[in-house]
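K.L.:
Contents of data_33.txt (compact mmCIF, C-alpha atoms and all ligand atoms):
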```txt
# COMPACT_ATOMS: atom_id res chain seq x y z
CA MET U 1 -229.10 -41.85 7.92
CA SER U 2 -231.43 -39.04 8.94
CA GLU U 3 -231.49 -39.07 12.73
CA GLY U 4 -231.83 -35.71 14.37
CA LEU U 5 -232.99 -32.44 12.85
CA LYS U 6 -235.29 -32.90 9.93
CA LEU U 7 -236.29 -30.35 7.34
CA PRO U 8 -240.07 -30.46 6.80
CA LYS U 9 -241.62 -31.01 3.38
CA PHE U 10 -242.11 -27.41 2.29
CA SER U 11 -239.63 -24.71 3.15
CA LEU U 12 -238.99 -21.20 1.96
CA GLY U 13 -235.56 -19.63 1.99
CA VAL U 14 -235.77 -15.95 2.84
CA GLY U 15 -233.04 -13.36 2.85
CA ASP U 16 -233.11 -10.32 5.08
CA ARG U 17 -230.19 -8.03 4.28
CA PHE U 18 -230.64 -5.69 7.23
CA ALA U 19 -232.21 -8.16 9.68
CA HIS U 20 -235.25 -5.92 10.17
CA GLN U 21 -237.98 -7.91 8.39
CA ALA U 22 -237.92 -11.33 10.05
CA LYS U 23 -241.32 -10.70 11.58
CA ALA U 24 -242.88 -9.56 8.30
CA GLN U 25 -241.38 -12.60 6.56
CA LEU U 26 -242.63 -14.99 9.20
CA ALA U 27 -246.08 -13.40 8.88
CA ALA U 28 -246.17 -14.74 5.29
CA CYS U 29 -245.60 -18.29 6.60
CA ILE U 30 -248.39 -17.74 9.11
CA LEU U 31 -250.72 -16.74 6.24
CA ALA U 32 -249.75 -20.02 4.54
CA ALA U 33 -250.53 -21.96 7.72
CA ASP U 34 -253.92 -20.21 7.86
CA GLN U 35 -254.56 -21.60 4.37
CA GLY U 36 -253.64 -25.09 5.51
CA VAL U 37 -250.09 -25.43 4.15
CA GLU U 38 -247.07 -25.69 6.40
CA VAL U 39 -244.23 -23.66 4.92
CA ILE U 40 -241.14 -23.50 7.11
CA PRO U 41 -238.99 -20.37 7.00
CA VAL U 42 -235.26 -20.74 6.51
CA TRP U 43 -233.38 -17.49 6.91
CA ASN U 44 -230.42 -17.40 4.60
CA LYS U 45 -227.67 -14.85 4.14
CA SER U 46 -224.46 -15.74 2.40
CA ASN U 47 -220.96 -14.82 3.43
CA ARG U 48 -220.84 -12.47 0.44
CA GLU U 49 -223.83 -10.48 1.71
CA HIS U 50 -222.48 -10.38 5.26
CA LEU U 51 -219.17 -9.04 3.93
CA ILE U 52 -220.82 -6.38 1.79
CA ILE U 53 -223.02 -5.15 4.64
CA GLY U 54 -220.58 -5.75 7.47
CA SER U 55 -223.02 -7.90 9.44
CA GLU U 56 -222.69 -11.14 11.42
CA PRO U 57 -224.70 -14.37 11.17
CA SER U 58 -225.46 -14.02 14.87
CA GLN U 59 -227.54 -10.92 14.07
CA THR U 60 -229.67 -12.96 11.66
CA ARG U 61 -230.16 -15.53 14.43
CA ALA U 62 -231.19 -12.88 16.94
CA ALA U 63 -233.70 -11.38 14.48
CA ALA U 64 -235.18 -14.78 13.61
CA ASP U 65 -235.48 -15.87 17.23
CA ALA U 66 -237.13 -12.58 18.19
CA ALA U 67 -239.66 -12.82 15.34
CA VAL U 68 -240.52 -16.42 16.22
CA LYS U 69 -241.05 -15.49 19.84
CA GLU U 70 -243.09 -12.42 19.13
CA LEU U 71 -245.43 -14.09 16.65
CA GLY U 72 -245.70 -17.32 18.66
CA TRP U 73 -244.44 -19.56 15.82
CA THR U 74 -244.26 -23.09 17.22
CA LYS U 75 -243.23 -24.94 14.06
CA PRO U 76 -239.60 -25.44 13.07
CA TYR U 77 -237.46 -22.72 11.50
CA PHE U 78 -233.85 -22.71 10.45
CA LEU U 79 -230.90 -20.46 9.86
CA ASP U 80 -228.94 -21.25 6.71
CA ALA U 81 -225.19 -20.74 6.44
CA ASP U 82 -225.61 -20.02 2.79
CA HIS U 83 -222.93 -21.05 0.29
CA ILE U 84 -220.19 -21.69 2.81
CA ASN U 85 -216.96 -23.64 2.48
CA LEU U 86 -214.20 -24.51 4.93
CA LYS U 87 -212.67 -21.06 4.58
CA THR U 88 -215.83 -19.13 5.41
CA VAL U 89 -217.80 -21.40 7.74
CA GLU U 90 -216.34 -20.40 11.09
CA ARG U 91 -218.64 -17.54 12.15
CA PHE U 92 -221.70 -19.48 10.98
CA LEU U 93 -221.02 -22.47 13.21
CA GLU U 94 -222.70 -21.23 16.34
CA PRO U 95 -225.80 -19.42 15.02
CA CYS U 96 -226.69 -21.74 12.13
CA ASP U 97 -228.45 -25.11 11.98
CA PHE U 98 -228.63 -25.43 8.20
CA PHE U 99 -225.49 -25.45 6.06
CA THR U 100 -225.37 -25.02 2.31
CA LEU U 101 -222.09 -26.64 1.34
CA ASP U 102 -220.91 -24.81 -1.75
CA VAL U 103 -218.56 -26.93 -3.79
CA ALA U 104 -219.13 -25.30 -7.17
CA ASP U 105 -215.53 -24.08 -7.33
CA LEU U 106 -214.30 -27.66 -7.50
CA ILE U 107 -216.63 -28.73 -10.29
CA GLY U 108 -214.46 -29.61 -13.24
CA GLN U 109 -211.32 -30.09 -11.16
CA PRO U 110 -210.34 -33.70 -11.72
CA ALA U 111 -210.37 -35.98 -8.68
CA ASP U 112 -207.63 -38.50 -7.97
CA ALA U 113 -207.61 -40.97 -10.90
CA LYS U 114 -207.70 -43.91 -8.49
CA ASP U 115 -210.79 -42.51 -6.77
CA VAL U 116 -212.55 -42.02 -10.08
CA GLU U 117 -211.73 -45.55 -11.13
CA ALA U 118 -212.92 -46.95 -7.81
CA PHE U 119 -216.15 -44.96 -8.09
CA VAL U 120 -216.95 -46.35 -11.53
CA LYS U 121 -216.16 -49.90 -10.34
CA ARG U 122 -218.34 -49.49 -7.28
CA HIS U 123 -221.31 -48.39 -9.42
CA PRO U 124 -221.95 -50.88 -12.23
CA GLU U 125 -225.64 -49.89 -11.99
CA LEU U 126 -224.74 -46.52 -13.53
CA VAL U 127 -223.24 -48.06 -16.65
CA GLY U 128 -225.38 -49.21 -19.56
CA THR U 129 -229.14 -48.75 -19.59
CA VAL U 130 -230.26 -46.91 -16.45
CA THR U 131 -234.00 -47.23 -15.96
CA ILE U 132 -235.59 -44.87 -13.49
CA PRO U 133 -239.28 -45.19 -12.65
CA GLN U 134 -241.31 -42.22 -13.97
CA ILE U 135 -238.71 -41.26 -16.55
CA ALA U 136 -240.01 -42.28 -19.97
CA GLU U 137 -236.68 -42.84 -21.72
CA PRO U 138 -233.99 -44.84 -19.87
CA PHE U 139 -230.59 -43.15 -19.74
CA LYS U 140 -227.97 -44.80 -21.93
CA THR U 141 -224.48 -44.52 -20.52
CA ASN U 142 -221.14 -46.29 -20.77
CA ALA U 143 -218.06 -46.47 -18.57
CA ALA U 144 -216.39 -43.57 -20.40
CA PHE U 145 -219.41 -41.35 -19.77
CA VAL U 146 -219.62 -42.19 -16.06
CA THR U 147 -215.85 -41.68 -15.76
CA GLY U 148 -216.25 -38.28 -17.42
CA VAL U 149 -219.02 -37.22 -15.05
CA ALA U 150 -217.07 -38.53 -12.05
CA ASN U 151 -214.07 -36.54 -13.22
CA LYS U 152 -216.19 -33.45 -13.33
CA PHE U 153 -217.95 -33.83 -9.96
CA LEU U 154 -216.12 -36.25 -7.68
CA ALA U 155 -213.60 -33.73 -6.34
CA ALA U 156 -216.47 -31.38 -5.52
CA VAL U 157 -218.39 -34.11 -3.68
CA GLN U 158 -215.27 -35.12 -1.76
CA ASP U 159 -214.91 -31.51 -0.72
CA ALA U 160 -218.53 -31.51 0.49
CA GLY U 161 -217.59 -34.59 2.53
CA ARG U 162 -214.72 -32.70 4.16
CA ILE U 163 -216.97 -29.76 5.05
CA TYR U 164 -219.68 -32.09 6.32
CA ARG U 165 -217.28 -34.01 8.58
CA PHE U 166 -215.90 -30.74 9.91
CA LEU U 167 -219.44 -29.68 10.81
CA VAL U 168 -220.12 -33.02 12.50
CA GLU U 169 -216.99 -32.53 14.57
CA LYS U 170 -218.04 -28.99 15.57
CA LYS U 171 -221.81 -29.35 15.95
CA GLY U 172 -222.48 -33.06 16.28
CA ALA U 173 -224.25 -35.27 13.74
CA GLY U 174 -227.97 -34.63 13.49
CA ASN U 175 -227.71 -31.13 14.92
CA PHE U 176 -227.85 -29.46 11.52
CA ILE U 177 -229.37 -29.84 8.07
CA ALA U 178 -226.90 -30.34 5.22
CA GLU U 179 -227.47 -29.14 1.68
CA VAL U 180 -225.04 -29.49 -1.21
CA SER U 181 -225.19 -26.65 -3.72
CA MET U 182 -223.84 -26.78 -7.25
CA ASP U 183 -225.80 -23.91 -8.73
CA GLU U 184 -223.13 -21.26 -8.93
CA THR U 185 -221.32 -22.84 -11.84
CA ASP U 186 -221.36 -22.45 -15.62
CA SER U 187 -223.40 -25.31 -17.01
CA PRO U 188 -226.56 -26.98 -15.70
CA GLN U 189 -226.49 -30.57 -14.46
CA THR U 190 -228.64 -33.03 -16.34
CA PRO U 191 -230.78 -35.58 -14.47
CA VAL U 192 -228.31 -38.39 -15.21
CA GLU U 193 -225.47 -36.26 -13.87
CA LEU U 194 -227.58 -35.61 -10.79
CA LEU U 195 -227.95 -39.36 -10.27
CA ILE U 196 -224.18 -39.87 -10.47
CA ILE U 197 -223.61 -36.97 -8.08
CA LEU U 198 -226.11 -38.43 -5.61
CA ALA U 199 -224.34 -41.80 -5.76
CA ALA U 200 -221.08 -40.05 -4.93
CA ILE U 201 -222.71 -38.08 -2.08
CA ALA U 202 -224.04 -41.33 -0.62
CA ASP U 203 -220.54 -42.84 -0.90
CA GLU U 204 -219.22 -39.89 1.10
CA LYS U 205 -221.94 -40.60 3.68
CA ILE U 206 -223.30 -37.07 3.65
CA PRO U 207 -226.95 -37.30 4.78
CA ILE U 208 -228.09 -34.36 2.67
CA GLN U 209 -231.70 -33.31 3.00
CA THR U 210 -231.59 -30.89 0.09
CA ILE U 211 -229.56 -30.56 -3.07
CA ALA U 212 -229.35 -27.49 -5.25
CA PRO U 213 -228.37 -28.31 -8.79
CA LYS U 214 -227.99 -25.73 -11.50
CA PHE U 215 -231.10 -25.95 -13.63
CA THR U 216 -231.38 -25.13 -17.28
CA GLY U 217 -232.04 -21.44 -18.05
CA ARG U 218 -231.02 -18.15 -16.44
CA PHE U 219 -231.82 -17.54 -12.77
CA ASN U 220 -230.97 -13.88 -12.50
CA LYS U 221 -231.36 -12.09 -9.20
CA GLY U 222 -234.75 -10.64 -8.46
CA VAL U 223 -236.24 -11.03 -11.95
CA ASP U 224 -238.15 -13.71 -13.80
CA TYR U 225 -236.77 -16.92 -15.31
CA VAL U 226 -235.18 -16.62 -18.74
CA GLY U 227 -235.16 -19.86 -20.66
CA ASP U 228 -237.21 -22.69 -22.07
CA VAL U 229 -239.99 -23.40 -19.58
CA ALA U 230 -240.92 -26.69 -21.28
CA GLN U 231 -237.33 -27.91 -21.04
CA PHE U 232 -237.11 -26.79 -17.41
CA THR U 233 -240.36 -28.63 -16.64
CA LYS U 234 -239.11 -31.84 -18.23
CA GLU U 235 -235.78 -31.74 -16.39
CA PHE U 236 -237.36 -30.74 -13.09
CA ASN U 237 -239.71 -33.74 -13.27
CA GLU U 238 -236.80 -36.00 -14.18
CA ASP U 239 -234.78 -34.60 -11.29
CA LEU U 240 -237.61 -35.49 -8.91
CA ALA U 241 -237.79 -39.03 -10.31
CA THR U 242 -234.02 -39.30 -10.02
CA ILE U 243 -234.03 -38.21 -6.39
CA ALA U 244 -236.76 -40.71 -5.48
CA PHE U 245 -234.71 -43.42 -7.18
CA ALA U 246 -231.46 -42.35 -5.47
CA ILE U 247 -233.13 -42.37 -2.03
CA LYS U 248 -234.10 -46.01 -2.54
CA THR U 249 -230.95 -47.11 -4.32
CA TYR U 250 -228.36 -45.37 -2.16
CA GLY U 251 -230.11 -45.02 1.17
CA LEU U 252 -230.10 -41.22 1.19
CA PRO U 253 -232.49 -39.55 3.68
CA GLU U 254 -236.17 -40.16 2.90
CA ASN U 255 -236.94 -36.44 2.95
CA LEU U 256 -234.19 -35.49 0.49
CA LYS U 257 -235.60 -32.80 -1.78
CA LEU U 258 -234.61 -30.30 -4.39
CA SER U 259 -233.54 -26.86 -3.33
CA ILE U 260 -234.21 -24.21 -5.93
CA HIS U 261 -231.76 -21.37 -5.62
CA SER U 262 -234.15 -19.24 -7.55
CA GLY U 263 -232.57 -15.85 -7.08
CA SER U 264 -236.24 -14.95 -6.37
CA ASP U 265 -239.18 -14.20 -8.56
CA LYS U 266 -239.04 -17.05 -11.07
CA PHE U 267 -242.76 -16.60 -11.65
CA SER U 268 -242.89 -18.37 -15.01
CA ILE U 269 -241.68 -21.70 -13.59
CA TYR U 270 -243.63 -21.63 -10.32
CA LYS U 271 -246.58 -23.50 -11.80
CA ALA U 272 -244.30 -26.22 -13.19
CA VAL U 273 -242.65 -26.57 -9.78
CA HIS U 274 -245.97 -26.75 -7.96
CA ASP U 275 -247.43 -29.30 -10.37
CA ALA U 276 -244.36 -31.55 -10.33
CA VAL U 277 -244.04 -31.49 -6.55
CA LYS U 278 -247.72 -32.35 -6.26
CA LYS U 279 -247.49 -35.12 -8.84
CA PHE U 280 -244.54 -36.78 -7.08
CA ASP U 281 -245.90 -35.93 -3.62
CA VAL U 282 -242.52 -34.65 -2.50
CA GLY U 283 -241.21 -31.56 -0.79
CA VAL U 284 -239.28 -28.62 -2.16
CA HIS U 285 -237.09 -25.90 -0.75
CA MET U 286 -237.77 -22.67 -2.60
CA LYS U 287 -235.02 -20.27 -1.89
CA THR U 288 -235.80 -16.68 -2.69
CA ALA U 289 -233.07 -14.07 -2.62
CA GLY U 290 -232.74 -10.84 -0.71
CA THR U 291 -235.63 -9.27 -2.56
CA THR U 292 -237.08 -8.41 0.82
CA TRP U 293 -234.65 -5.53 0.64
CA LEU U 294 -236.42 -4.29 -2.49
CA GLU U 295 -239.71 -4.44 -0.63
CA GLU U 296 -238.12 -2.21 2.00
CA LEU U 297 -237.32 0.31 -0.72
CA ILE U 298 -240.82 -0.01 -2.15
CA GLY U 299 -242.28 0.57 1.30
CA LEU U 300 -240.11 3.63 1.86
CA ALA U 301 -241.00 5.03 -1.56
CA GLU U 302 -244.67 4.34 -0.98
CA ALA U 303 -244.52 6.15 2.36
CA GLY U 304 -243.46 9.34 0.53
CA GLY U 305 -241.71 12.25 2.24
CA ALA U 306 -238.38 11.36 3.82
CA GLY U 307 -238.89 7.68 2.92
CA LEU U 308 -239.21 8.47 -0.77
CA GLU U 309 -236.20 10.77 -0.54
CA ILE U 310 -234.05 7.94 0.85
CA ALA U 311 -235.28 5.57 -1.86
CA LYS U 312 -234.23 8.14 -4.46
CA GLU U 313 -230.88 8.72 -2.81
CA VAL U 314 -230.19 4.99 -2.84
CA TYR U 315 -230.91 4.84 -6.57
CA SER U 316 -228.79 7.84 -7.33
CA GLU U 317 -225.79 6.38 -5.45
CA ALA U 318 -226.34 2.93 -6.93
CA TYR U 319 -226.37 4.49 -10.39
CA ALA U 320 -223.11 6.31 -9.70
CA HIS U 321 -221.42 3.14 -8.42
CA SER U 322 -223.13 0.60 -10.63
CA GLU U 323 -219.95 -1.02 -11.89
CA GLU U 324 -218.62 -1.74 -8.41
CA LEU U 325 -222.01 -2.92 -7.14
CA CYS U 326 -222.64 -5.23 -10.06
CA ALA U 327 -219.20 -6.86 -10.14
CA PRO U 328 -219.81 -9.54 -7.44
CA TYR U 329 -223.07 -10.50 -9.18
CA ALA U 330 -221.90 -10.32 -12.79
CA THR U 331 -223.02 -13.86 -13.64
CA VAL U 332 -226.51 -13.46 -12.17
CA ILE U 333 -227.70 -10.08 -13.44
CA ASP U 334 -228.41 -8.71 -16.92
CA ILE U 335 -228.82 -4.95 -16.73
CA ASP U 336 -229.40 -2.95 -19.90
CA PRO U 337 -227.68 0.37 -19.11
CA SER U 338 -229.76 2.15 -21.74
CA LYS U 339 -232.89 1.25 -19.75
CA LEU U 340 -231.64 2.80 -16.51
CA PRO U 341 -233.32 6.14 -15.86
CA LYS U 342 -231.00 9.02 -15.01
CA PRO U 343 -230.99 9.93 -11.30
CA GLU U 344 -232.18 13.46 -12.19
CA VAL U 345 -235.28 11.87 -13.70
CA VAL U 346 -235.90 9.54 -10.75
CA ASN U 347 -235.45 12.44 -8.34
CA GLY U 348 -238.55 14.00 -9.88
CA TRP U 349 -240.67 10.84 -9.49
CA THR U 350 -243.75 10.46 -7.33
CA SER U 351 -244.14 7.51 -4.94
CA GLU U 352 -246.28 5.83 -7.55
CA GLN U 353 -243.68 6.20 -10.29
CA TYR U 354 -240.91 4.78 -8.11
CA THR U 355 -242.90 1.80 -6.83
CA SER U 356 -244.28 1.02 -10.30
CA ALA U 357 -240.79 0.86 -11.77
CA LEU U 358 -239.49 -1.32 -8.94
CA ARG U 359 -242.33 -3.60 -7.89
CA HIS U 360 -242.22 -6.90 -9.78
CA GLU U 361 -245.53 -6.66 -11.60
CA GLN U 362 -244.89 -7.69 -15.16
CA GLY U 363 -248.28 -6.42 -16.30
CA ASN U 364 -247.35 -2.89 -15.26
CA LYS U 365 -245.88 -0.99 -18.23
CA ALA U 366 -243.76 1.13 -15.90
CA TYR U 367 -242.02 -1.94 -14.44
CA ASN U 368 -238.30 -1.70 -15.26
CA GLN U 369 -236.22 -4.80 -14.67
CA SER U 370 -232.90 -3.05 -15.18
CA PHE U 371 -233.86 -0.50 -12.51
CA ARG U 372 -234.92 -3.39 -10.26
CA GLN U 373 -231.71 -5.39 -10.73
CA LEU U 374 -229.46 -2.42 -10.09
CA LEU U 375 -231.29 -1.66 -6.86
CA HIS U 376 -231.21 -5.35 -5.93
CA VAL U 377 -227.42 -5.31 -5.86
CA GLY U 378 -227.40 -1.79 -4.42
CA PHE U 379 -227.97 -2.72 -0.78
CA LYS U 380 -224.42 -1.67 0.00
CA VAL U 381 -225.53 1.92 -0.58
CA ALA U 382 -228.19 1.57 2.11
CA ALA U 383 -225.68 -0.13 4.40
CA LYS U 384 -223.48 2.96 4.07
CA LEU U 385 -226.34 5.19 5.18
CA GLU U 386 -226.23 3.21 8.43
CA ASP U 387 -228.57 4.64 11.05
CA ARG U 388 -230.31 6.93 8.62
CA TYR U 389 -231.54 3.93 6.63
CA LEU U 390 -232.44 1.85 9.67
CA LYS U 391 -234.30 4.77 11.24
CA ALA U 392 -236.29 5.25 8.04
CA LEU U 393 -237.24 1.57 8.19
CA ALA U 394 -238.35 1.92 11.77
CA ALA U 395 -240.32 5.09 11.05
CA ASN U 396 -242.16 3.36 8.20
CA GLU U 397 -242.36 -0.09 9.70
CA GLU U 398 -245.99 -0.71 8.89
CA VAL U 399 -245.92 0.11 5.19
CA VAL U 400 -242.59 -1.71 4.73
CA ALA U 401 -243.82 -4.83 6.56
CA ARG U 402 -247.02 -4.88 4.52
CA ASN U 403 -245.00 -4.94 1.30
CA VAL U 404 -242.61 -7.63 2.61
CA THR U 405 -245.41 -9.95 3.74
CA THR U 406 -247.59 -9.42 0.68
CA ASN U 407 -244.70 -10.03 -1.68
CA LEU U 408 -243.68 -13.30 -0.06
CA PHE U 409 -247.17 -14.63 0.35
CA GLU U 410 -248.90 -13.48 -2.84
CA ARG U 411 -246.07 -13.74 -5.33
CA HIS U 412 -244.15 -16.75 -3.98
CA ILE U 413 -245.92 -18.91 -1.39
CA ARG U 414 -249.28 -18.82 -3.15
CA PRO U 415 -248.12 -20.02 -6.59
CA VAL U 416 -245.43 -22.44 -5.37
CA PHE U 417 -247.02 -24.07 -2.35
CA LEU U 418 -250.76 -23.39 -2.72
CA GLY U 419 -250.85 -23.62 -6.51
CA LYS U 420 -252.98 -20.56 -7.10
ZN ZN U 501 -227.18 -20.61 -4.71
```
Take the structure in this file and express it as structure tokens.
P.N.:
Amino acid sequence: MSEGLKLPKFSLGVGDRFAHQAKAQLAACILAADQGVEVIPVWNKSNREHLIIGSEPSQTRAAADAAVKELGWTKPYFLDADHINLKTVERFLEPCDFFTLDVADLIGQPADAKDVEAFVKRHPELVGTVTIPQIAEPFKTNAAFVTGVANKFLAAVQDAGRIYRFLVEKKGAGNFIAEVSMDETDSPQTPVELLIILAAIADEKIPIQTIAPKFTGRFNKGVDYVGDVAQFTKEFNEDLATIAFAIKTYGLPENLKLSIHSGSDKFSIYKAVHDAVKKFDVGVHMKTAGTTWLEELIGLAEAGGAGLEIAKEVYSEAYAHSEELCAPYATVIDIDPSKLPKPEVVNGWTSEQYTSALRHEQGNKAYNQSFRQLLHVGFKVAAKLEDRYLKALAANEEVVARNVTTNLFERHIRPVFLGK
């Protein structure tokens, strides 16, 4: 099933709001290669972010291609049409070679009763005691349970099938990587639900190479994991066992792996991810979010002078428009308004004060995660500054790039892929 483009074992999803940091991001993958681990960059930017900024996927492609050329990167790299559906996919068709099929909206919408019935009939192996190697306790199910899960997910998987076939028609089979994402929904999927979903995906003949379930716990944008790490670890290991089992049982692509839509910076689960991936000897796609944009702000603030002034201006505007900026991200941010410093206060800050509040160093007492989350969703403010913002980036390229590369390599690649 997996002829054509193949996603390598380890890949890192990187966002680049303003398409100015592709080179600095790629430099982090080069540092990984220097340490003996191949980590493939996948540039992702969702339709939502393109709409907010007013950018085009083709600009992301141009930036990625230029970075690859300039740094002489000879390994694969991809451009992810992130969270698309049939309504939004059009402008991603040409520039992208990785498609995250977002079917979360259809989760919970019942499929055709006949289809559900046929699914349950076709899969007697899912009913009763389901024993999966490397999962201690077999899953106990019955027909009513499988019917219930099929009712919850089958319509969504069928929709993924429609998007996939549309892509095949437009781009040709094997000319793109397909991922199915189910993370932007209310409740996490359990390992047994994942198995049922994978059976349905195989029925639809979608040769997915990655799948992004919703994991237990909160995956807020740009801040650490909130939840039960032990429970996450257990489920993550069970998910890996389930995927290995589904590859064998349903003939899904051999390199099928989990995609973690982390929203960035889930430091407290990185060790669990690294250990599990190592134990099962499988790959993983770690998708960070557009926190590169925060590193741009940190770089500007660190530079001082006009750079620091712009960083302050962005905060002040973000503070004034926080409601509007937060609305599209309501389910993935938790800002405590009482913890947000007043703009008058921030305007008096030194470089050090600004970067300490923003940089994600949990050991630093000045680190302020409400401040960080508000700025994370505040990129629209910088987009409105247009040339003024982009010129500031160019004028401070070195300090900005250093922060972008260091952040990706030290805080993400090192713990997830190198395990240290
Ligand atoms: Zn996602």
K.L.:
Identify, on the basis of all atoms listed in the file, every residue whose closest approach to Ala289 (chain U) does not exceed 6 Å; exclude the query and any residue fewer than 3 positions from it along the same chain; express the result as a compact mmCIF listing (two decimals) with C-alpha atoms, in the frame of the given file.
P.N.:
```
# COMPACT_ATOMS: atom_id res chain seq x y z
CA GLY U 15 -233.04 -13.36 2.85
CA GLY U 263 -232.57 -15.85 -7.08
CA SER U 264 -236.24 -14.95 -6.37
```
K.L.:
What gap, in Å, lies between CA of Met182 (chain U) and CA of Val103 (chain U)?
P.N.:
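Between CA of Met182 (chain U) and CA of Val103 (chain U) the gap is 6.3 Å.
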K.L.:
For each of U:Ile269, U:Leu86, U:Leu325, U:Met286, take the minimum atom-to-atom distance to ligand ZN 501 (chain U), counting only C-alpha atoms and all ligand atoms, then give the residue where this is smallest.
P.N.:
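Of U:Ile269, U:Leu86, U:Leu325, U:Met286, the one nearest ligand ZN 501 (chain U), counting only C-alpha atoms and all ligand atoms, is U:Met286.
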K.L.:
In terms of the shortest atom-to-atom distance over all atoms listed in the file, which of U:Val377, U:Ile211, U:Ala244, U:Ile201 is closest to ligand ZN 501 (chain U)?
P.N.:
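Closest to ligand ZN 501 (chain U) of all the choices is U:Ile211.
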K.L.:
Using Å and a single decimal, report how far CA of Ser259 (chain U) sits from CA of Lys23 (chain U).
P.N.:
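Distance between the two atoms: 23.3 Å.
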K.L.:
Compare U:Gln209, U:Thr233, U:Gln134, U:Asn44 by their minimum atom-to-atom distance to ligand ZN 501 (chain U), counting only C-alpha atoms and all ligand atoms, and give me the closest one.
P.N.:
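With only C-alpha atoms and all ligand atoms as the atom set, the closest residue is U:Asn44.
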K.L.:
With all atoms listed in the file as the counted atoms, please give the residues lying no more than 9 Å from Asp159 (chain U), apart from itself and same-chain residues fewer than 5 positions off, as a list in words.
P.N.:
Asn85, Leu101, Val103, Leu106, Leu154 and Tyr164 of chain U
K.L.:
Skip Pro57 (chain U) itself and residues of its chain fewer than 3 positions away, then list as a ChimeraX atom specification all residues within 10 Å of it, counting all atoms listed in the file.
P.N.:
/U:19,44-47,50,60-62,79-81,91-96
K.L.:
Using all atoms listed in the file, what table do you get, as CSV, when you list each residue of chain U with an atom no more than 7 Å from ligand ZN 501 (chain U), its nearest pair of atoms, and their distance in Å rounded to one decimal, rows by chain then rising number?
P.N.:
```
residue,atom,partner,partner_atom,distance
U:His83,CA,U:ZN501,ZN,6.6
U:Ser181,CA,U:ZN501,ZN,6.4
U:Asp183,CA,U:ZN501,ZN,5.4
U:Glu184,CA,U:ZN501,ZN,5.9
U:His261,CA,U:ZN501,ZN,4.7
```
K.L.:
Here is a test: counting only C-alpha atoms, which residue of U:Gln158, U:Ser58, U:Thr190, U:Thr242 is nearest to Pro133 (chain U)?
P.N.:
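Answer, going by the shortest atom-to-atom distance: U:Thr242.
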K.L.:
List the neighbours of region 70-73 of chain U out to 12 Å using only C-alpha atoms; skip same-chain residues closer than 5 positions along the sequence, and give me the result as a list in words.
P.N.:
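The neighbour list is Ala22, Lys23, Ala24, Gln25, Leu26, Ala27, Ala28, Cys29, Ile30, Leu31, Ala33, Glu38, Val39, Ile40, Pro41, Ala63, Ala64 and Asp65 of chain U.
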K.L.:
Might you pull out every residue within 12 Å of Cys326 (chain U), with all atoms listed in the file counted and same-chain residues fewer than 6 positions away left off, and present them as a list in words?
P.N.:
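Selected residues are Lys221, Ala318, Tyr319, Ala320, Val332, Ile333, Asp334, Ile335, Pro337, Ser370, Gln373, Leu374, Leu375, His376, Val377, Gly378, Phe379 and Lys380 of chain U.
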K.L.:
Compare U:Gly290, U:Val346, U:Gly283, U:Val277 by their minimum atom-to-atom distance to Trp43 (chain U), counting all atoms listed in the file, and give me the closest one.
P.N.:
U:Gly290
